[in-house]
Structure formats: structure tokens, C-alpha cells
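Okay, structure first, notes after.
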Amino acid sequence: MIKNIKWLLLVSLTFVACNSDDDVTTKPDSTDGLPLTAGSADFSKYVALGNSLTAGFSDSALFIEGQKGAYTNILAQRFALVGGGEFKIPYMADNTGGLLLGGMQIQGPRLFFNGTGPVPVSGTPTTEITNTLSGPFNNMGVPGAKSFHLVAPGYGNVAGVPSGQANPYFVRFASSPSTTIVADAVAQNPTFFSLWIGNNDVLSFATSGGVGTNQTGNLNPATYGANDITDPTVFASVYNSMVNSLTANGAKGVVANIPYVTSVPYFTTVPTNPIPGLPPSSAAQLNQLFGGINAALTANGLPTRFATLVATDGNPATVEANPLLIRDESLINISGAITAALTPLFGAPTAGYLGSLYGQARHASNAAATRDYIVLPARGVIGTTQAGAPAPFNTIGVSFPMPDSTTLTASETAMVKTATDAYNASIQSIATAKGLAFVDANSVLNQVANGGLSANGFSVTSTYVTGGGFSLDGVHPSPRGYALIANKFLEAINAKYGSNLKGVDLGNYRILFPQNPANF
């Protein structure tokens, strides 16, 4: 009898153990199969700060469905599984995108892919920025914001929008015209925050093709031009101040560093050598001209600037690639020397014109050490005719230099990289000092741009339109790209705080938004 009781007890314990194992292994939302936990983090009041990436900007606009797919909203949905509270978003009025100020359109609608390229969706924006929303809001992402804008009083004052002193997106949900983004975030007493800021501190300089005064050592943001690179000292000071404010009451959080701008398709889609083989006569004429300038440069101890152009061989199957002719304002201006050398051949008026045209011109470089980057909108300029310029010196990118604004030159790229490295050093140092989770977004985007990242059976790359990582503006992520970013944030949070929140399935997120919102 005792043996039977012992046997029944053993069987009973085994049965319970099996049931317990089944319980443990059926937790689909955890990374380890164990019961879900927030670890040492408290997600009950999550507030997200940042720029357009935080807001869910996509396809050159902010719109409702994009806001729903923001990486911050995906995080909030996962946080809700372990006690996370409501995540309130300052939704736009429509899925068209664009903004109105007093009924006048100040920003256009989103883009969609029509089969051949990106075009604006039909429809008129209905988001009037003077119709302020009732907050507070958990998503404090403000498209266009630079680091120092988050602590700038009046950044949400509608009176400052026409002059660029205020941001139309923040105007919609600022608690008052004089408040700051950080102040409105801290006022909510968050228990957890995310902060991803700094991209725009270099991005506007880069997307403008390096058109900015770039006042080195200028520590006063009030005197910055719209496209200036933020001084790294200013960035470090502002960033440290923001983190101190956000953590003052014990909140934990996650921060991310800044990707290199050259990892996004806005700078990598257009090659430096998109010009096909030229008619033999045109190639010969330009080679004679550019060869003469090269000879003059060499004679004066200066590097050559022009390549030997290839003529078409008449075979449609053969595609010869000639480099773009660009303007580089960092070059020594040799207009006078060119004019003097060409006057005997062309006469003074034409020689003077050619001198001014090619004095700071060169062919674009694709060499690793001297790589130039051609901005995405340049696609619509290459090969067109420059109005008012005489033939045959009027084909843009071939015989007429591309505008400076279409090219981020190697020297300008180096300026952006230097600033980005300085920002990232500050971000990581401050994150370490404050014990915050840290996302190496620079590494993530670098992988996406160089071969891609794979998850859930999908490879996410930076190939324009088809790669799955980026939207049609070439800068902001696609829905799938935002999901990938959210997963990287979750990985960092889990590693730092001991939570076990599983990432989302990338297969549940589309590559591009369709034209018709009914198909969302």
C-alpha cells in the first residue's frame, strides 16, 4: 500500500511538472518563453522624445497611419503587456499628410509609388495647425526638430512659424506657446522615456548639399542658419541637460545614437557616374576642353579635376558610365586662368563664360576615400538643359556643372561624419553615466545599407523603393523599417533592464503605403 501511494505521488508530481513546463513554454510574447516581465523598468508612463523618426514620419509627410506605425507606438504596444499605460499620440487630421496655416497649405501631402516613381497623393491636406489639440501627449516627437529645439521656449508658438522660429507640428500640441518640448514631457512625470535626437543637427546640412555657413565654434543656436551643423559642444550640453531633466525623478529610459547620413538612400540611390556614353563628337569636344584645363592645373602644381569621357560605341547593349560634372566650392577658383587660356581659341566673351562655368567644376568621384554623394532629387535635373546657357555647354551634369546643392562632396561628408561621431560619443557617454539602455542605431543602419538585416524571413535593405527599409523620401523608414527599429530598441531595453519583451514580426508590416487609404 505504501509503495502504491509513493507511486501515485511520483506520477502526480511528474504530471504537475509537465503542466508547469507547458505553462512556461507557451509565452509567445516573451523572448525566453518565461512569463513576461518588465524587469527593473516601469513602463506605466512612457513618454517619447525626438524628431520625425519618433513621430512616425514617412514618405515626406506625417499622417495617421504612419503615426500608428512609429517605432515608439510599437514599443508602447509591447510595454502594455507588462503594465504599460496609455500612449497618447497627437494624430494628424488625415492620411493625406501636409499642413495648413490659416487655411493656406504650408506643407504638401505624402508620396506614393505609381509604378515608375514617387508622386504626391491626390487630395488636399486638412490638418490646420491653429486647431490645437488637448494633451498631454506621450509621443512628443516633432518632425524637423534639432537637439536644441527640444529646450527652446516658443518652439510651439504659432506666431513664429512663418519666420521659422517655431515648429508647426509642435504648435498643434504644445501646452502653451512659451513651453518647451522637454518641459511638456517632464510635466507628465514619466517612469520611462525614449530619446532619439540629433539626426537633424547634421541632416539639413547634408540634404542641402552642404549649403550652410557651418559656423565652427558658434555656441549660440539662436544665430545658426537653417542648414548649419550644430556645434558638438552645444549638442553635448543640451543633451546632458535633457537627460538630467528626464531622469530627475528616477525615470529609466533608452537612447539611440545618430546614423551616418550616407547610410540612407537619399544619398546612395543616384550614382556618381550615371551619364551614358556620349556621341563621339561631343565626347571629343569635351575631352579636348577638359584635357586642356587638366594640363593647366598640372602645370601649376594642382591636382587634375576632369576624367576622360567615354563615347558610345553604337551598341545598345553596351552602357558606358561617365561621371557627373559637379560644382565644388571647396576648390581653388581658377576661372581667370581658364579664361586666359581659352581666349585665343574661343574669343574673350566665350572664354570668360567658360572660365566662370568651370572655375570650380570637376567630375564626381566614387573612390572610397574621396566619395561624393548625389542627393535623391538630383535625378530630375541630370541631363536636362540649363536655361540661358549656350549649346553645347548647357547639359546639366555633362557640360554644365550640377548645382552645388545637389552634391554632398567628400569634404562636406567629412564635416558631417566628424560632427556625428562627436554627437555619438556624447550620447553613449551620457547613457553610460545615467545607466540608460543604449541603441547603436548607427551600426543598425550601416548593416541595412551594406547587405541588409534579416529577420522573420525578410531581408531589410536600403535599396530605394524595393529594399523594405526606407520610405519614398529616402530618409525616413518604411513601416517595416520602423518595426525593425522598434525591435532593436526592445533588444537594448531587455539587455539593460532584464525585461523579456519579444520583438514584432516584420512580416506584419508593409514595405510601402498604398495610394488609397482604404487599402491601409
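Simple scheme: letters A, B, ... for chains in C-alpha cells order, numbers from 1 for residues in each chain, numbers from 1 for ligands in the order shown.
Taking only C-alpha atoms, the non-local environment of A:Gly154 within 8 Å (same-chain residues fewer than 3 positions away omitted) comprises Asn157, Gly160, Gln165, Ala166, Pro177, Ser178, Thr179 and Thr180 of chain A.
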Original post:
Among stretch 283-450 of chain A, which ones does DSSP place in strand (DSSP E), written as a PyMOL selection string?
Top reply: chain A and resi 325-327+361-363+373-374+407-408+437-439
Include N, CA and C atoms and write out the residues we just selected as a CSV table (one decimal), in the first residue's frame.
```csv
chain,number,residue,atom,x,y,z
A,325,LEU,N,29.4,65.9,-63.9
A,325,LEU,CA,30.1,67.1,-63.8
A,325,LEU,C,29.5,67.9,-62.7
A,326,ILE,N,30.2,68.3,-61.6
A,326,ILE,CA,29.6,68.9,-60.5
A,326,ILE,C,30.4,70.2,-60.2
A,327,ARG,N,29.8,71.0,-59.3
A,327,ARG,CA,30.4,72.2,-58.8
A,327,ARG,C,30.9,72.0,-57.4
A,361,ALA,N,34.7,73.6,-61.1
A,361,ALA,CA,34.0,72.4,-61.5
A,361,ALA,C,34.9,71.2,-61.5
A,362,ARG,N,34.4,70.0,-61.4
A,362,ARG,CA,35.2,68.8,-61.5
A,362,ARG,C,34.2,67.6,-61.8
A,363,HIS,N,34.8,66.5,-62.0
A,363,HIS,CA,33.9,65.3,-62.2
A,363,HIS,C,33.8,64.6,-60.8
A,373,TYR,N,28.5,62.2,-52.8
A,373,TYR,CA,27.2,61.7,-52.7
A,373,TYR,C,26.2,62.6,-53.4
A,374,ILE,N,25.5,62.1,-54.4
A,374,ILE,CA,24.5,62.9,-55.1
A,374,ILE,C,23.1,62.7,-54.5
A,407,THR,N,24.9,68.0,-54.5
A,407,THR,CA,26.1,67.1,-54.2
A,407,THR,C,26.6,67.4,-52.8
A,408,LEU,N,26.7,66.3,-52.1
A,408,LEU,CA,27.4,66.3,-50.8
A,408,LEU,C,28.8,65.8,-51.1
A,437,ALA,N,19.5,52.4,-21.2
A,437,ALA,CA,19.7,51.5,-22.3
A,437,ALA,C,20.1,52.3,-23.5
A,438,PHE,N,21.0,51.7,-24.3
A,438,PHE,CA,21.6,52.4,-25.5
A,438,PHE,C,21.4,51.5,-26.7
A,439,VAL,N,20.9,52.2,-27.8
A,439,VAL,CA,20.8,51.6,-29.1
A,439,VAL,C,21.8,52.1,-30.1
```
Compile the contact shell of A:Phe137 as a JSON list (two decimals) with N, CA and C atoms, in the first residue's frame: residues with an atom at most 10 Å away, counting only C-alpha atoms, same-chain residues fewer than 2 positions apart removed.
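Below you can see selection.json, which holds the result:
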```
[["chain", "number", "residue", "atom", "x", "y", "z"],
["A", 47, "VAL", "N", 7.00, 58.16, -22.12],
["A", 47, "VAL", "CA", 6.99, 59.36, -22.94],
["A", 47, "VAL", "C", 8.16, 59.29, -23.91],
["A", 48, "ALA", "N", 7.89, 59.59, -25.19],
["A", 48, "ALA", "CA", 8.91, 59.51, -26.24],
["A", 48, "ALA", "C", 9.26, 60.90, -26.74],
["A", 86, "GLU", "N", -1.49, 54.09, -21.23],
["A", 86, "GLU", "CA", -1.93, 54.67, -22.50],
["A", 86, "GLU", "C", -0.80, 55.43, -23.16],
["A", 87, "PHE", "N", -0.73, 55.35, -24.47],
["A", 87, "PHE", "CA", 0.26, 56.09, -25.24],
["A", 87, "PHE", "C", -0.50, 57.02, -26.18],
["A", 88, "LYS", "N", -0.65, 58.24, -25.75],
["A", 88, "LYS", "CA", -1.47, 59.20, -26.48],
["A", 88, "LYS", "C", -0.64, 59.90, -27.57],
["A", 89, "ILE", "N", -1.19, 59.94, -28.78],
["A", 89, "ILE", "CA", -0.48, 60.47, -29.95],
["A", 89, "ILE", "C", -1.21, 61.69, -30.50],
["A", 90, "PRO", "N", -0.51, 62.75, -30.85],
["A", 90, "PRO", "CA", -1.16, 63.93, -31.44],
["A", 90, "PRO", "C", -1.44, 63.69, -32.93],
["A", 91, "TYR", "N", -2.47, 62.91, -33.19],
["A", 91, "TYR", "CA", -2.74, 62.48, -34.56],
["A", 91, "TYR", "C", -3.02, 63.64, -35.50],
["A", 133, "LEU", "N", -4.54, 70.79, -30.16],
["A", 133, "LEU", "CA", -5.06, 69.57, -29.56],
["A", 133, "LEU", "C", -4.94, 69.62, -28.05],
["A", 134, "SER", "N", -5.78, 68.84, -27.40],
["A", 134, "SER", "CA", -5.77, 68.78, -25.94],
["A", 134, "SER", "C", -4.88, 67.63, -25.48],
["A", 135, "GLY", "N", -3.83, 67.97, -24.78],
["A", 135, "GLY", "CA", -2.86, 66.97, -24.31],
["A", 135, "GLY", "C", -3.08, 66.63, -22.85],
["A", 139, "ASN", "N", 3.60, 60.75, -27.16],
["A", 139, "ASN", "CA", 4.54, 60.86, -28.27],
["A", 139, "ASN", "C", 4.85, 62.33, -28.49],
["A", 140, "MET", "N", 6.06, 62.73, -28.07],
["A", 140, "MET", "CA", 6.48, 64.12, -28.19],
["A", 140, "MET", "C", 7.44, 64.31, -29.37],
["A", 141, "GLY", "N", 7.41, 63.39, -30.32],
["A", 141, "GLY", "CA", 8.26, 63.52, -31.50],
["A", 141, "GLY", "C", 7.80, 64.68, -32.37],
["A", 173, "PHE", "N", 0.33, 70.75, -30.54],
["A", 173, "PHE", "CA", 0.07, 70.09, -29.26],
["A", 173, "PHE", "C", 0.89, 70.63, -28.09],
["A", 174, "ALA", "N", 1.54, 71.76, -28.25],
["A", 174, "ALA", "CA", 2.25, 72.38, -27.14],
["A", 174, "ALA", "C", 1.25, 72.80, -26.07],
["A", 175, "SER", "N", 1.62, 72.66, -24.81],
["A", 175, "SER", "CA", 0.69, 73.02, -23.73],
["A", 175, "SER", "C", 0.47, 74.53, -23.64],
["A", 184, "ASP", "N", 7.17, 69.93, -21.42],
["A", 184, "ASP", "CA", 5.89, 69.22, -21.52],
["A", 184, "ASP", "C", 6.05, 67.73, -21.26],
["A", 185, "ALA", "N", 7.21, 67.19, -21.60],
["A", 185, "ALA", "CA", 7.46, 65.77, -21.33],
["A", 185, "ALA", "C", 7.66, 65.54, -19.85],
["A", 188, "GLN", "N", 4.76, 65.43, -17.31],
["A", 188, "GLN", "CA", 3.95, 64.20, -17.22],
["A", 188, "GLN", "C", 4.51, 63.20, -16.22]]
```
Original post:
What lies within 8 Å of stretch 249-264 of chain A using only C-alpha atoms, ignoring chain neighbours under 4 positions off, as a VMD selection string?
Top reply: chain A and resid 41 to 42 189 to 199 203 206 268 373 416 to 417 420 423 to 424 427 to 428 431 436 to 443 445 to 446 448 to 449 462 470 474 to 475 489 492 to 493
Original post:
Using only C-alpha atoms, which residues sit within 8 Å of A:Tyr71 once same-chain residues fewer than 4 positions away are excluded, as JSON, numbers by chain?
Top reply: {"A": [53, 54, 56, 75, 482, 483, 485, 486]}
Requested write-out: C-alpha atoms of the selected residues, as a PDB file, in the first residue's frame:
```pdb
ATOM      1  CA  LEU A  53      11.624  59.408 -36.559  1.00  0.00           C
ATOM      2  CA  THR A  54       9.909  59.414 -33.177  1.00  0.00           C
ATOM      3  CA  GLY A  56       6.429  58.208 -37.440  1.00  0.00           C
ATOM      4  CA  LEU A  75       7.218  49.979 -28.219  1.00  0.00           C
ATOM      5  CA  TYR A 482      10.150  51.260 -38.198  1.00  0.00           C
ATOM      6  CA  ALA A 483       9.295  47.754 -36.969  1.00  0.00           C
ATOM      7  CA  ILE A 485      13.994  49.815 -35.327  1.00  0.00           C
ATOM      8  CA  ALA A 486      11.427  49.057 -32.609  1.00  0.00           C
TER       9      ALA A 486
END
```
**OP:** Excluding A:Arg379 and residues on its chain fewer than 6 positions from it, collect all residues at most 10 Å away from it, counting only C-alpha atoms, and give them as a ChimeraX atom specification.
**Re:** /A:269-271,274,406
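Among the candidate residues A:Pro136, A:Gly69, A:Gly467, A:Gly98, the one lying nearest to A:Ser122 is A:Gly98, with distances computed using only C-alpha atoms.
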**OP:** Using backbone DSSP assignments, extract all helix (DSSP H, G or I) residues from stretch 42-190 of chain A; output them as a PyMOL selection string.
**Re:** chain A and resi 52-55+64-68+71-82+147-151+158-160+168-173+181-186
**OP:** Name all residues at most 10 Å from A:Asn366 (count only C-alpha atoms; drop same-chain ones fewer than 6 positions away) and give them as a list in words.
**Re:** Pro271, Thr272, Asn273, Pro323, Asp372, Tyr373 and Ala410 of chain A
Original post:
Nearest to A:Pro265 among A:Thr409, A:Asn500, A:Asn240, A:Asn450, with distances taken over only C-alpha atoms: which residue is it?
Top reply: A:Asn450
